[in-house]
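Report on the structure given below.
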Amino acid sequence: MRYLIENIIQQYQDVQNSKLWIGSTFTSKLNQVDESLVFTRPIEGLHSIAEIISHLTLWRKETILKIQTGQGSKTDDCEENWLSNDKLKPLGWQNLKSEYDKSLTELIDLLKSKDDKFLNQLYYDTDFKDDYPYSFVLYGMLHHDLYHLGQLGIIIKYLREKP
């Protein structure tokens with residue numbers, strides 16, 4: 001059976017670029033910004049758009065690794081978790097955005113090869129230091145995406161209205 005897997009895939013796609021009840025998606029938010037703003041921190045203590053997209057990409061790639069190998073390699077404390085604008089600027093916005101988009105495609109393609117039984121199989125979570133069912137990381141990543149989508153909304157609004 002593939003009902004739950006298909007539902008998870010659809011949710012990832014919807015949060016990225018469908019019509020959601022919450023009114024915003026990553027595509028709709030990112031289309032509102034000029035490339036010149038993506039490396040700008042709106043105020044001290046908040047991340048830039050590029051930093052958030054890099055962070056999301058890291059954790060999506062980490063989820064792919066967990067699915068492929070049964071174990072992750074990153075923790076919240078790793079340097080790559082929140083790369084600074086100074087490290088991201090040389091990569092360029094187009095490359096960061098391309099890696100972000102590519103990671104979603106890779107995750108969805110990987111999930112298309114799974115069935116619902118997979119969701120109850122265990123992987124070792126390096127960050128939480130225990131075994132968890134794959135449903136934990138897949139739903140967790142959806143929640144993580146939504147959390148940062150809200151952050152992006154606030155950051156973009158601030159950057160666009162900032163004098």
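Residue numbering restarts at 1 for every chain of the structure tokens, chains are lettered A, B, ... in their displayed order, and ligands are numbered from 1 as they appear.
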
- Write out as an NGL selection string which residues come within 10 Å of segment 21-31 of chain A when counting only C-alpha atoms, dropping same-chain ones fewer than 4 positions away. :A and (13-17 or 35 or 38 or 49 or 53 or 97 or 145-146 or 148-150 or 152-153 or 156-157)

- Item | Test item: residues at most 10 Å from segment 115-125 of chain A, only C-alpha atoms, excluding those fewer than 5 positions along its chain, as an MDAnalysis selection string | chainID A and resid 1:6 63 66:75 130:138

- Message: So that I can check the surroundings of Ile43 of chain A, please list as a ChimeraX atom specification every protein, DNA and RNA residue that reaches within 10 Å of it, counting only C-alpha atoms and ignoring chain neighbours fewer than 4 positions away.
- Response: /A:47-48,155,158-159

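Those residues that approach segment 99-110 of chain A to within 8 Å, counting only C-alpha atoms, are A:Ile9, A:Tyr12, A:Ile53, A:Ser54, A:Leu56, A:Thr57, A:Arg60, A:Lys61, A:Thr63, A:Ile64; same-chain residues fewer than 6 positions away are not listed.
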
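Among the candidates A:Leu96, A:Val33, A:Leu83, A:Leu58, the one nearest to Met141 of chain A when counting only C-alpha atoms is A:Leu58.
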
- Enumerate as a PyMOL selection string all residues of segment 12-148 of chain A assigned to strand (DSSP E) by DSSP on the backbone, naming them with the chain letters and numbers the document uses. chain A and resi 122-125+130-133

- Where does DSSP see alpha helix (DSSP H) in segment 36-129 of chain A, if you list the residues as a ChimeraX atom specification? /A:49-69,85-88,93-112

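From atom CA of Glu79 of chain A back to atom CA of Tyr147 of chain A, the distance works out to 20.9 Å.
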
- Item | Coordinates-based distance that separates atom CA of His144 of chain A from atom CA of Gly92 of chain A (Å, one decimal) | 23.8 Å
